[in-house]
Structures are given as structure tokens and as C-alpha cells.
$ cat structure.txt   # compact mmCIF, C-alpha atoms and all ligand atoms
# COMPACT_ATOMS: atom_id res chain seq x y z
CA MET A 1 25.39 -22.71 -0.06
CA ILE A 2 25.97 -21.10 -3.48
CA SER A 3 29.53 -20.47 -4.43
CA ILE A 4 30.27 -18.70 -7.68
CA LYS A 5 33.89 -18.81 -8.72
CA ASN A 6 35.58 -16.83 -11.50
CA LEU A 7 32.46 -16.93 -13.62
CA GLN A 8 32.87 -15.61 -17.17
CA LYS A 9 30.61 -15.29 -20.15
CA VAL A 10 31.81 -14.06 -23.51
CA PHE A 11 29.34 -13.70 -26.38
CA THR A 12 31.03 -14.01 -29.74
CA SER A 13 29.44 -13.03 -33.01
CA SER A 14 30.59 -11.93 -36.44
CA SER A 15 30.71 -8.33 -35.19
CA GLY A 16 33.10 -9.16 -32.37
CA SER A 17 32.93 -10.43 -28.81
CA VAL A 18 31.34 -9.04 -25.64
CA GLN A 19 32.48 -9.97 -22.16
CA ALA A 20 29.03 -9.90 -20.47
CA VAL A 21 30.20 -11.44 -17.17
CA ASP A 22 33.81 -10.87 -16.22
CA ASP A 23 35.39 -12.99 -13.49
CA VAL A 24 32.59 -12.86 -10.91
CA SER A 25 33.14 -14.64 -7.59
CA LEU A 26 30.48 -14.54 -4.85
CA ASP A 27 29.28 -16.64 -1.93
CA ILE A 28 25.57 -16.61 -1.14
CA GLU A 29 24.33 -18.08 2.14
CA LYS A 30 21.45 -20.51 2.42
CA GLY A 31 18.21 -18.66 3.22
CA GLU A 32 19.44 -15.16 2.41
CA ILE A 33 18.00 -12.65 -0.01
CA TYR A 34 20.88 -11.53 -2.19
CA GLY A 35 20.51 -8.59 -4.54
CA VAL A 36 22.54 -7.79 -7.64
CA ILE A 37 22.15 -4.23 -8.89
CA GLY A 38 23.46 -2.59 -12.03
CA TYR A 39 22.50 -0.30 -14.87
CA SER A 40 21.41 -1.57 -18.27
CA GLY A 41 24.16 -3.58 -19.93
CA ALA A 42 26.04 -4.28 -16.68
CA GLY A 43 25.64 -8.03 -17.19
CA LYS A 44 22.96 -8.81 -14.57
CA SER A 45 20.63 -10.80 -16.81
CA THR A 46 23.47 -12.85 -18.21
CA PHE A 47 24.78 -13.44 -14.68
CA ILE A 48 21.45 -14.72 -13.33
CA ARG A 49 20.87 -16.89 -16.41
CA LEU A 50 24.25 -18.55 -15.82
CA LEU A 51 23.05 -19.68 -12.39
CA ASN A 52 20.48 -22.08 -13.85
CA ARG A 53 22.29 -22.66 -17.12
CA LEU A 54 19.88 -20.77 -19.33
CA GLU A 55 23.29 -19.61 -20.53
CA ASP A 56 26.39 -21.78 -20.55
CA PRO A 57 29.39 -20.16 -18.87
CA THR A 58 32.55 -19.61 -20.89
CA SER A 59 34.48 -20.58 -17.76
CA GLY A 60 34.12 -20.68 -13.98
CA GLU A 61 32.00 -22.57 -11.47
CA VAL A 62 28.50 -22.26 -10.02
CA ILE A 63 28.41 -24.57 -7.04
CA ILE A 64 24.97 -25.10 -5.54
CA ASP A 65 24.86 -27.51 -2.61
CA GLY A 66 28.25 -28.93 -3.49
CA GLN A 67 27.37 -29.55 -7.14
CA ASP A 68 28.87 -27.54 -10.02
CA ILE A 69 25.90 -26.61 -12.23
CA ALA A 70 28.31 -25.56 -14.97
CA LYS A 71 29.47 -29.15 -15.42
CA LEU A 72 26.13 -31.00 -15.39
CA ARG A 73 24.69 -32.63 -18.48
CA ASN A 74 21.20 -33.77 -19.62
CA GLY A 75 19.30 -35.67 -16.90
CA GLN A 76 21.46 -34.37 -14.07
CA LEU A 77 21.05 -30.81 -15.30
CA ARG A 78 17.26 -31.19 -15.61
CA LYS A 79 17.12 -32.49 -12.04
CA ALA A 80 19.32 -29.69 -10.69
CA ARG A 81 17.18 -27.12 -12.52
CA GLN A 82 14.07 -28.32 -10.68
CA GLU A 83 15.73 -27.09 -7.51
CA ILE A 84 16.07 -23.59 -8.98
CA GLY A 85 12.88 -21.62 -9.64
CA MET A 86 12.85 -18.44 -11.69
CA ILE A 87 10.53 -15.48 -12.14
CA TYR A 88 10.71 -12.90 -14.91
CA GLN A 89 10.04 -9.22 -15.57
CA HIS A 90 7.32 -10.04 -18.11
CA PHE A 91 6.05 -13.07 -16.18
CA ASN A 92 6.45 -15.56 -19.07
CA LEU A 93 3.05 -17.16 -18.44
CA LEU A 94 1.25 -19.44 -20.88
CA TRP A 95 -1.56 -17.22 -22.13
CA SER A 96 -3.87 -20.05 -23.18
CA ARG A 97 -3.72 -21.72 -19.78
CA THR A 98 -5.63 -20.72 -16.65
CA VAL A 99 -3.94 -19.70 -13.41
CA LYS A 100 -4.12 -23.20 -12.02
CA ASP A 101 -2.94 -24.82 -15.25
CA ASN A 102 0.03 -22.43 -15.45
CA ILE A 103 1.05 -23.42 -11.93
CA ALA A 104 0.47 -27.12 -12.71
CA PHE A 105 2.70 -26.98 -15.80
CA PRO A 106 6.11 -27.69 -14.18
CA LEU A 107 4.50 -30.47 -12.12
CA GLU A 108 3.11 -32.08 -15.28
CA ILE A 109 6.59 -31.96 -16.82
CA ALA A 110 8.00 -33.59 -13.67
CA LYS A 111 5.29 -36.29 -14.13
CA VAL A 112 3.72 -35.75 -10.73
CA PRO A 113 0.44 -37.74 -10.35
CA LYS A 114 -2.74 -35.72 -11.10
CA ALA A 115 -4.22 -35.84 -7.58
CA GLU A 116 -0.97 -34.62 -6.10
CA ILE A 117 -0.77 -31.82 -8.68
CA ASN A 118 -4.26 -30.58 -7.74
CA LYS A 119 -3.39 -30.53 -4.05
CA ARG A 120 -0.06 -28.78 -4.59
CA VAL A 121 -1.57 -26.20 -6.97
CA GLN A 122 -4.22 -25.28 -4.39
CA GLU A 123 -1.54 -24.90 -1.68
CA LEU A 124 0.46 -22.60 -3.94
CA ILE A 125 -2.57 -20.54 -4.91
CA ASP A 126 -3.29 -19.97 -1.22
CA LEU A 127 0.37 -19.17 -0.52
CA VAL A 128 0.54 -16.41 -3.12
CA GLY A 129 -2.90 -14.99 -2.33
CA LEU A 130 -4.77 -15.91 -5.53
CA SER A 131 -7.64 -17.91 -4.05
CA GLY A 132 -10.79 -17.46 -6.13
CA ARG A 133 -8.83 -16.77 -9.31
CA GLU A 134 -7.89 -20.37 -10.13
CA ASP A 135 -9.80 -20.38 -13.43
CA TYR A 136 -8.84 -16.92 -14.67
CA PHE A 137 -6.65 -16.55 -17.72
CA PRO A 138 -3.51 -14.36 -17.51
CA SER A 139 -5.20 -11.68 -19.66
CA GLN A 140 -7.81 -11.27 -16.91
CA LEU A 141 -5.21 -10.55 -14.22
CA SER A 142 -3.38 -7.39 -13.11
CA GLY A 143 0.43 -7.24 -13.37
CA GLY A 144 0.85 -8.03 -9.68
CA GLN A 145 -1.48 -11.01 -9.93
CA LYS A 146 0.40 -12.28 -12.99
CA GLN A 147 3.65 -12.12 -11.03
CA ARG A 148 1.95 -14.05 -8.19
CA VAL A 149 1.17 -16.80 -10.72
CA GLY A 150 4.83 -16.65 -11.80
CA ILE A 151 5.95 -17.05 -8.20
CA ALA A 152 3.57 -19.96 -7.54
CA ARG A 153 4.75 -21.69 -10.71
CA ALA A 154 8.40 -21.15 -9.76
CA LEU A 155 7.78 -22.71 -6.35
CA ALA A 156 5.81 -25.71 -7.64
CA ASN A 157 8.71 -28.18 -7.46
CA ASN A 158 9.85 -26.99 -4.01
CA PRO A 159 13.07 -25.36 -5.23
CA LYS A 160 15.88 -24.43 -2.86
CA VAL A 161 16.70 -21.28 -4.78
CA LEU A 162 14.50 -18.66 -6.42
CA LEU A 163 16.02 -16.43 -9.11
CA CYS A 164 14.22 -13.14 -9.74
CA ASP A 165 15.02 -11.45 -13.06
CA GLU A 166 13.85 -7.80 -12.67
CA ALA A 167 10.66 -9.30 -11.22
CA THR A 168 9.08 -5.98 -10.25
CA SER A 169 10.36 -3.74 -13.04
CA ALA A 170 7.08 -3.89 -14.97
CA LEU A 171 4.98 -3.08 -11.90
CA ASP A 172 3.84 0.19 -10.31
CA PRO A 173 5.41 1.16 -6.95
CA GLU A 174 2.53 -0.11 -4.81
CA THR A 175 2.33 -3.45 -6.58
CA THR A 176 6.14 -3.68 -6.44
CA ASP A 177 5.97 -3.41 -2.66
CA SER A 178 3.26 -6.06 -2.38
CA ILE A 179 5.34 -8.50 -4.48
CA LEU A 180 8.48 -7.69 -2.45
CA ASN A 181 6.50 -8.36 0.75
CA LEU A 182 5.34 -11.69 -0.68
CA LEU A 183 8.94 -12.63 -1.56
CA THR A 184 10.08 -11.71 1.97
CA ASP A 185 7.27 -13.84 3.50
CA ILE A 186 8.15 -16.80 1.28
CA ASN A 187 11.83 -16.44 2.15
CA LYS A 188 10.97 -16.58 5.87
CA GLN A 189 8.29 -19.28 5.67
CA LEU A 190 10.14 -21.65 3.37
CA GLY A 191 13.76 -20.75 4.17
CA LEU A 192 14.22 -20.27 0.42
CA THR A 193 17.40 -18.62 -0.87
CA ILE A 194 16.46 -15.73 -3.16
CA ILE A 195 18.79 -14.10 -5.69
CA LEU A 196 17.40 -11.07 -7.46
CA ILE A 197 18.67 -8.70 -10.09
CA THR A 198 17.38 -5.15 -10.39
CA HIS A 199 18.29 -1.61 -11.40
CA GLU A 200 16.31 -0.13 -8.50
CA MET A 201 17.96 0.53 -5.14
CA HIS A 202 14.52 0.60 -3.50
CA VAL A 203 14.16 -3.11 -4.24
CA ILE A 204 17.55 -3.83 -2.69
CA SER A 205 16.92 -1.73 0.42
CA LYS A 206 13.49 -3.24 0.97
CA ILE A 207 14.29 -6.93 0.84
CA SER A 208 17.97 -7.80 0.45
CA ASN A 209 20.40 -8.75 3.17
CA ARG A 210 23.45 -8.32 0.95
CA VAL A 211 24.09 -6.67 -2.36
CA ALA A 212 26.56 -6.87 -5.22
CA VAL A 213 26.95 -3.93 -7.59
CA MET A 214 27.74 -4.85 -11.19
CA GLU A 215 29.35 -2.66 -13.82
CA GLY A 216 30.92 -3.72 -17.11
CA GLY A 217 30.36 -7.41 -16.31
CA GLN A 218 32.24 -7.19 -13.00
CA VAL A 219 31.14 -7.03 -9.38
CA VAL A 220 32.67 -3.70 -8.37
CA GLU A 221 31.35 -3.61 -4.82
CA GLU A 222 29.72 -6.13 -2.51
CA GLY A 223 28.53 -6.37 1.06
CA ASP A 224 25.89 -5.96 3.71
CA VAL A 225 23.14 -3.61 2.45
CA LEU A 226 23.41 -1.21 5.41
CA GLU A 227 27.18 -1.05 5.06
CA VAL A 228 26.90 -0.26 1.35
CA PHE A 229 24.38 2.51 2.12
CA ARG A 230 26.73 3.89 4.75
CA HIS A 231 30.00 3.78 2.87
CA PRO A 232 29.40 3.39 -0.86
CA LYS A 233 32.86 3.22 -2.41
CA GLN A 234 32.34 3.25 -6.16
CA LYS A 235 30.79 6.09 -8.13
CA VAL A 236 28.14 3.76 -9.52
CA THR A 237 27.19 2.65 -6.00
CA LYS A 238 26.91 6.25 -4.83
CA ARG A 239 24.47 6.89 -7.67
CA PHE A 240 22.36 3.93 -6.59
CA VAL A 241 22.33 5.09 -2.96
CA GLN A 242 21.24 8.53 -4.20
CA GLN A 243 18.22 6.92 -5.89
CA VAL A 244 16.85 6.24 -2.42
CA MET A 245 18.48 8.85 -0.21
CA GLY A 246 18.15 11.89 -2.45
CA ASP A 247 20.99 14.18 -3.35
CA LYS A 248 22.75 17.34 -2.28
CA GLU A 249 20.09 19.67 -3.62
CA GLN A 250 17.97 18.81 -0.60
CA ASP A 251 20.86 19.72 1.70
CA ASP A 252 21.16 23.08 -0.02
CA ALA A 253 17.50 23.70 0.77
CA LEU A 254 18.17 22.73 4.38
CA GLU A 255 20.85 25.40 4.70
CA ALA A 256 18.26 28.06 3.91
CA ILE A 257 15.77 26.54 6.37
CA VAL A 258 18.31 26.36 9.20
CA ALA A 259 19.32 30.00 8.61
CA GLU A 260 15.73 31.04 9.37
CA TYR A 261 15.94 29.85 12.96
CA GLU A 262 17.37 32.41 15.36
CA SER A 263 16.90 30.41 18.54
CA GLY A 264 16.90 26.77 19.53
CA THR A 265 19.22 24.02 18.37
CA VAL A 266 19.36 22.08 15.13
CA LEU A 267 20.27 18.40 15.37
CA ARG A 268 21.06 15.94 12.62
CA LEU A 269 20.26 12.39 13.75
CA HIS A 270 21.85 9.44 12.00
CA PHE A 271 19.97 6.17 12.00
CA VAL A 272 21.92 3.07 11.05
CA GLY A 273 20.04 -0.16 11.53
CA GLU A 274 17.58 1.29 14.04
CA LYS A 275 14.30 -0.51 14.55
CA THR A 276 12.86 2.42 16.46
CA ASN A 277 13.47 5.70 14.64
CA GLN A 278 9.96 6.91 15.53
CA ALA A 279 10.39 6.11 19.22
CA VAL A 280 13.47 8.29 19.81
CA ILE A 281 11.69 11.44 18.66
CA SER A 282 8.45 10.75 20.52
CA GLU A 283 10.35 9.85 23.72
CA VAL A 284 12.27 13.15 23.62
CA ALA A 285 9.04 15.09 23.18
CA LYS A 286 7.41 13.13 26.00
CA GLN A 287 10.25 13.26 28.52
CA TYR A 288 11.52 16.84 28.11
CA PRO A 289 9.67 20.14 27.85
CA VAL A 290 11.09 20.88 24.42
CA ALA A 291 9.33 21.32 21.10
CA VAL A 292 10.64 19.08 18.32
CA ASN A 293 10.16 20.33 14.81
CA ILE A 294 11.20 17.95 12.02
CA LEU A 295 12.90 19.93 9.26
CA GLN A 296 13.98 17.24 6.91
CA GLY A 297 14.32 13.50 6.74
CA LYS A 298 15.74 10.92 4.39
CA ILE A 299 15.12 7.54 5.90
CA THR A 300 14.79 4.23 4.17
CA GLN A 301 13.81 0.94 5.73
CA THR A 302 16.15 -1.98 5.08
CA GLN A 303 15.98 -5.60 6.21
CA LYS A 304 18.34 -4.64 9.03
CA GLY A 305 16.35 -1.60 10.21
CA ALA A 306 16.19 2.07 9.25
CA TYR A 307 18.97 3.92 7.49
CA GLY A 308 19.14 7.65 7.02
CA THR A 309 19.16 11.04 8.64
CA LEU A 310 16.57 13.25 10.26
CA VAL A 311 17.15 16.94 10.87
CA VAL A 312 15.19 18.38 13.78
CA HIS A 313 14.95 21.75 15.47
CA LEU A 314 14.58 21.81 19.25
CA THR A 315 13.22 24.82 21.12
CA GLY A 316 12.89 25.26 24.86
CA ASP A 317 15.15 26.08 27.82
CA ASP A 318 18.84 25.57 27.11
CA ASP A 319 19.02 23.17 30.03
CA ASP A 320 16.18 21.03 28.74
CA ILE A 321 17.64 21.02 25.25
CA GLN A 322 20.99 19.81 26.65
CA LYS A 323 19.23 17.02 28.57
CA ALA A 324 17.30 15.99 25.46
CA ILE A 325 20.56 15.85 23.46
CA GLN A 326 22.15 13.81 26.22
CA TYR A 327 19.20 11.41 26.13
CA ILE A 328 19.47 10.92 22.34
CA SER A 329 23.22 10.41 22.46
CA GLU A 330 22.72 7.57 24.93
CA THR A 331 20.62 5.67 22.39
CA SER A 332 22.24 4.08 19.37
CA VAL A 333 21.25 7.07 17.25
CA GLU A 334 24.25 9.24 16.43
CA VAL A 335 23.59 12.94 16.95
CA GLU A 336 25.27 16.00 15.42
CA VAL A 337 24.53 19.32 17.11
CA ASN A 338 24.17 22.36 14.83
CA PRO A 339 25.51 20.40 11.85
CA ASN A 340 27.41 22.28 9.24
CA VAL A 341 25.24 21.92 6.24
CA GLU A 342 27.65 21.32 3.39
N1 LIG B 401 22.89 -13.28 -26.46
C1 LIG B 401 23.75 -12.26 -26.51
N2 LIG B 401 24.58 -12.10 -27.56
C2 LIG B 401 25.48 -11.11 -27.61
N3 LIG B 401 25.62 -10.17 -26.65
C3 LIG B 401 24.82 -10.26 -25.58
C4 LIG B 401 23.83 -11.30 -25.45
N4 LIG B 401 23.18 -11.13 -24.28
C5 LIG B 401 23.72 -10.04 -23.69
N5 LIG B 401 24.71 -9.52 -24.47
C6 LIG B 401 25.54 -8.35 -24.14
O1 LIG B 401 26.12 -8.55 -22.87
C7 LIG B 401 26.16 -7.34 -22.11
C8 LIG B 401 25.41 -7.54 -20.80
O2 LIG B 401 24.02 -7.71 -21.07
P1 LIG B 401 22.95 -8.10 -19.97
O3 LIG B 401 21.61 -8.21 -20.67
O4 LIG B 401 23.42 -9.26 -19.21
O5 LIG B 401 22.97 -6.80 -19.04
P2 LIG B 401 21.90 -6.29 -18.01
O6 LIG B 401 22.66 -5.68 -16.91
O7 LIG B 401 20.98 -7.38 -17.67
O8 LIG B 401 21.14 -5.17 -18.80
P3 LIG B 401 19.59 -5.10 -19.19
O9 LIG B 401 18.87 -4.81 -17.93
O10 LIG B 401 19.54 -3.97 -20.17
O11 LIG B 401 19.25 -6.43 -19.81
C9 LIG B 401 25.55 -6.28 -23.03
O12 LIG B 401 26.60 -5.60 -23.66
C10 LIG B 401 24.73 -7.07 -24.01
O13 LIG B 401 24.61 -6.40 -25.23
$ encode --input "structure.txt" --output "C-alpha cells"
Amino acid sequence: MISIKNLQKVFTSSSGSVQAVDDVSLDIEKGEIYGVIGYSGAGKSTFIRLLNRLEDPTSGEVIIDGQDIAKLRNGQLRKARQEIGMIYQHFNLLWSRTVKDNIAFPLEIAKVPKAEINKRVQELIDLVGLSGREDYFPSQLSGGQKQRVGIARALANNPKVLLCDEATSALDPETTDSILNLLTDINKQLGLTIILITHEMHVISKISNRVAVMEGGQVVEEGDVLEVFRHPKQKVTKRFVQQVMGDKEQDDALEAIVAEYESGTVLRLHFVGEKTNQAVISEVAKQYPVAVNILQGKITQTQKGAYGTLVVHLTGDDDDIQKAIQYISETSVEVEVNPNVE
């Protein structure tokens, strides 16, 4: 649905030129949540602003529904932009307008009749969970509520695409999750395509289907989120995966823990896309007379199920332990017996 081809943006000033986006090509499916991750200066903001022509590309194409946004002018561009909503890190609300008047604003610009605006605004307020706060001013709202106004305003004209520019970066972790849940609900309910940029792997793992990693203006790695977690290729991607999965220091601690056990068996379970990581453990404990002690776990939930590892210690009769291992290896969870802790 969105096809980005050889997109480039060079900023030129008296002090020289910067290649902010360097030959980016991506295809984004209708209805998917696509994440772009990168550290500061990687070119994410410039990239997302090229998608709705807040920046003009130096060269390349941004084809949305068969139409190259990069080539549109005036009226055509205004119309195309109505199909692309955007939310921002610092919300960009109008401080002198109430919640409902902020949401009404893009509808007023589109010259929608007053009665229709009122109806639409109420629908949007209900959708984003702000009922009862219609007449509040932005200064009377929490960060999460402000972003809800931003989302409602972005959806006012029924866009096909929603661009999220670090939309949760100014929020605390709990509020971040509530906004990410809202975005996931909206994506499902409305079939809206969502493109987000972030520097937090948690955001990607929680809501994206696919991810592109940007560095130095280029997409250096791209793919299904679970696949990227499993086999990160680039150094920068490995660092992002570490943000969520922890690092080797935890494994070093595990080595000491494992050494303490003189009997029983240590298993390392690998979950890739499981929906039922809890069930495997509780089934083993229920079906076999073995004690299961969880030593360590690093599991993250993604849109395609759980990803991560769980290290457990089983005690009981050797026979029962063998049967329990057999049971686990017949599920889709991969099991390593007495793993060598590197
Ligand atoms: N208007 C501009 N004029 C000149 N250079 C710019 C402009 N906007 C961005 N740049 C440069 O382009 C590069 C990419 O910046 P960009 O803001 O897109 O990165 P980013 O990944 O979004 O980082 P951040 O999260 O810090 O904004 C940087 O080197 C930046 O200094």
C-alpha cells in the first residue's frame, strides 16, 4: 500500500550538507503497524516527515495508494495529506482551545458542516477514552490524555495512514503502554496503517509487526519483529534487542546460580512466537511429579507472541524429569538440557 523508493533527503546550508535520509526503499502493507527505530540523528524524524511532505524529498518516491506524494502540488497535496494523520512527541495541541475544539480543528479546515463536526468530535472523544473531558484545556490534562487528544485530532478526517513521531517518548512507562494499547486497538478497529518512529525497542516489540533499523540515514536492517529479535545482524540492532532482552551480565549471574545446584536438571527454554509460555510450565508441573524452579527469564511479548528464554531447574526422579523434558520438546518450545552458560 505504501511503497517508498530510493528516498533521499539532503539538507544544505552554508556550513555544508547533511544526508539525513540516504536511499531508503521500503514496502509497508495496508493495515500493518510498521516501526522504524534508530538512535538520535539516524534520520527517523526526517524520514517520517517526508511521508506527508512536511519535508520535500531531494529525490525518490513515496507512493501511497498508487499516488506519488513527492510529486503532488497544492490542492492535490492538501487532499492527500488529509488521508495521512500525524501525532507528535510533544502533542502539538492548541493551548487556547479545549479538547473538543482541538479535535474539531482539522474538520473546520476541511470545511465540514458544524453539526457533522460535533457528531464526529463526540465519536472520536469516545474512541480515545476522553469522555467527560470535552471542555478541558490541554493544560488541565496529563501527558497521556494530551496524546489521546492528539490521536483523536489525527483521526478526525478518517485518514488511511497514521504517522507517529516518537509519540510516547515524553510519557512514563505505564502511560506509554496505555497509548500503545490504544494505537493497537485503533489499528484493529479501523484497519488503519500505522508507521511509527522511536528509539525504544519496547515500543517496537509491543506493537509493531515489522521493523526497520536506521543508522546514518540508511535502513541497515529490516524485517519481521520476531525474526529481528531472533537473528539481529547489525551491531546497532543487537544493541536495540539488548534494551529489551538484557545483556550478558545476567548470564554470568546465571552461571553462579546453576553451579549451586548439585542435583536435578537445568533447562533453558526458548520461546519464539509462543502464545502460551505460561501454560508449558504449569502443564509440566501438573502432569509430572517434578518441582519446577524458575531461575531466570527474559521474555518479551511481541505482536506475534512471546520471545525470549526461561531457565528452569527441575528436581524429582530421573525418569520423571526425562518424561517432562520429552513433553516440553513435543511443544513448539525449544529446550536445551543443562545449557552451557557462556
Ligand atoms: N532542517 C535541518 N537542517 C539541517 N540538518 C538537519 C535538519 N533536520 C535534520 N537535520 C540533520 O539530519 C540528520 C538526521 O536528523 P533527524 O532529526 O532526522 O534524526 P532522528 O533520528 O530523528 O534523531 P532525533 O531523534 O534526535 O531527532 C541529523 O544529522 C540532523 O542534524
$ closest_residue --input "structure.txt" --among "A:Glu283, A:Glu55, A:Asp177, A:Asp317" --to "ligand LIG 401 (chain B)" --atoms "only C-alpha atoms and all ligand atoms"
A:Glu55
$ residues_near_ligand --input "structure.txt" --ligand "ligand LIG 401 (chain B)" --cutoff "8 Å" --atoms "only C-alpha atoms and all ligand atoms" --output "list in words"
Val10, Phe11, Thr12, Ser13, Ser17, Val18, Gln19, Ala20, Val21, Gly38, Tyr39, Ser40, Gly41, Ala42, Gly43, Lys44, Ser45, Thr46, Phe47, Glu166, Thr198, His199, Met214, Glu215, Gly216 and Gly217 of chain A
$ residues_around --input "structure.txt" --residues "A:Gln67" --least-positions-apart "4" --cutoff "10 Å" --atoms "only C-alpha atoms" --output "PDB file with C-alpha atoms, in the coordinates of the input"
ATOM      1  CA  ILE A   2      25.970 -21.100  -3.480  1.00  0.00           C
ATOM      2  CA  SER A   3      29.530 -20.470  -4.430  1.00  0.00           C
ATOM      3  CA  GLU A  61      32.000 -22.570 -11.470  1.00  0.00           C
ATOM      4  CA  VAL A  62      28.500 -22.260 -10.020  1.00  0.00           C
ATOM      5  CA  ILE A  63      28.410 -24.570  -7.040  1.00  0.00           C
ATOM      6  CA  LYS A  71      29.470 -29.150 -15.420  1.00  0.00           C
ATOM      7  CA  LEU A  72      26.130 -31.000 -15.390  1.00  0.00           C
ATOM      8  CA  ALA A  80      19.320 -29.690 -10.690  1.00  0.00           C
TER       9      ALA A  80
END
$ atom_distance --input "structure.txt" --atom1 "atom CA of A:Thr309" --atom2 "atom CA of A:Val241"
13.4 Å
$ closest_residue --input "structure.txt" --among "A:Thr168, A:Thr98, A:Ser131, A:Gln326" --to "A:Val284" --atoms "all atoms listed in the file"
A:Gln326
$ residues_around --input "structure.txt" --residues "A:Asp319" --least-positions-apart "2" --cutoff "12 Å" --atoms "all atoms listed in the file" --output "ChimeraX atom specification"
/A:264-265,288-290,314-317,321-326
$ residues_around --input "structure.txt" --residues "A:Ser139" --least-positions-apart "3" --cutoff "10 Å" --atoms "all atoms listed in the file" --output "PyMOL selection string"
chain A and resi 93+95-96+98+136+142-143+146
$ write_last_selection --input "structure.txt" --atoms "C-alpha atoms" --output "PDB file, in the coordinates of the input"
ATOM      1  CA  LEU A  93       3.050 -17.160 -18.440  1.00  0.00           C
ATOM      2  CA  TRP A  95      -1.560 -17.220 -22.130  1.00  0.00           C
ATOM      3  CA  SER A  96      -3.870 -20.050 -23.180  1.00  0.00           C
ATOM      4  CA  THR A  98      -5.630 -20.720 -16.650  1.00  0.00           C
ATOM      5  CA  TYR A 136      -8.840 -16.920 -14.670  1.00  0.00           C
ATOM      6  CA  SER A 142      -3.380  -7.390 -13.110  1.00  0.00           C
ATOM      7  CA  GLY A 143       0.430  -7.240 -13.370  1.00  0.00           C
ATOM      8  CA  LYS A 146       0.400 -12.280 -12.990  1.00  0.00           C
TER       9      LYS A 146
END
$ atom_distance --input "structure.txt" --atom1 "atom CA of A:Glu221" --atom2 "atom CA of A:Asp23"
13.4 Å
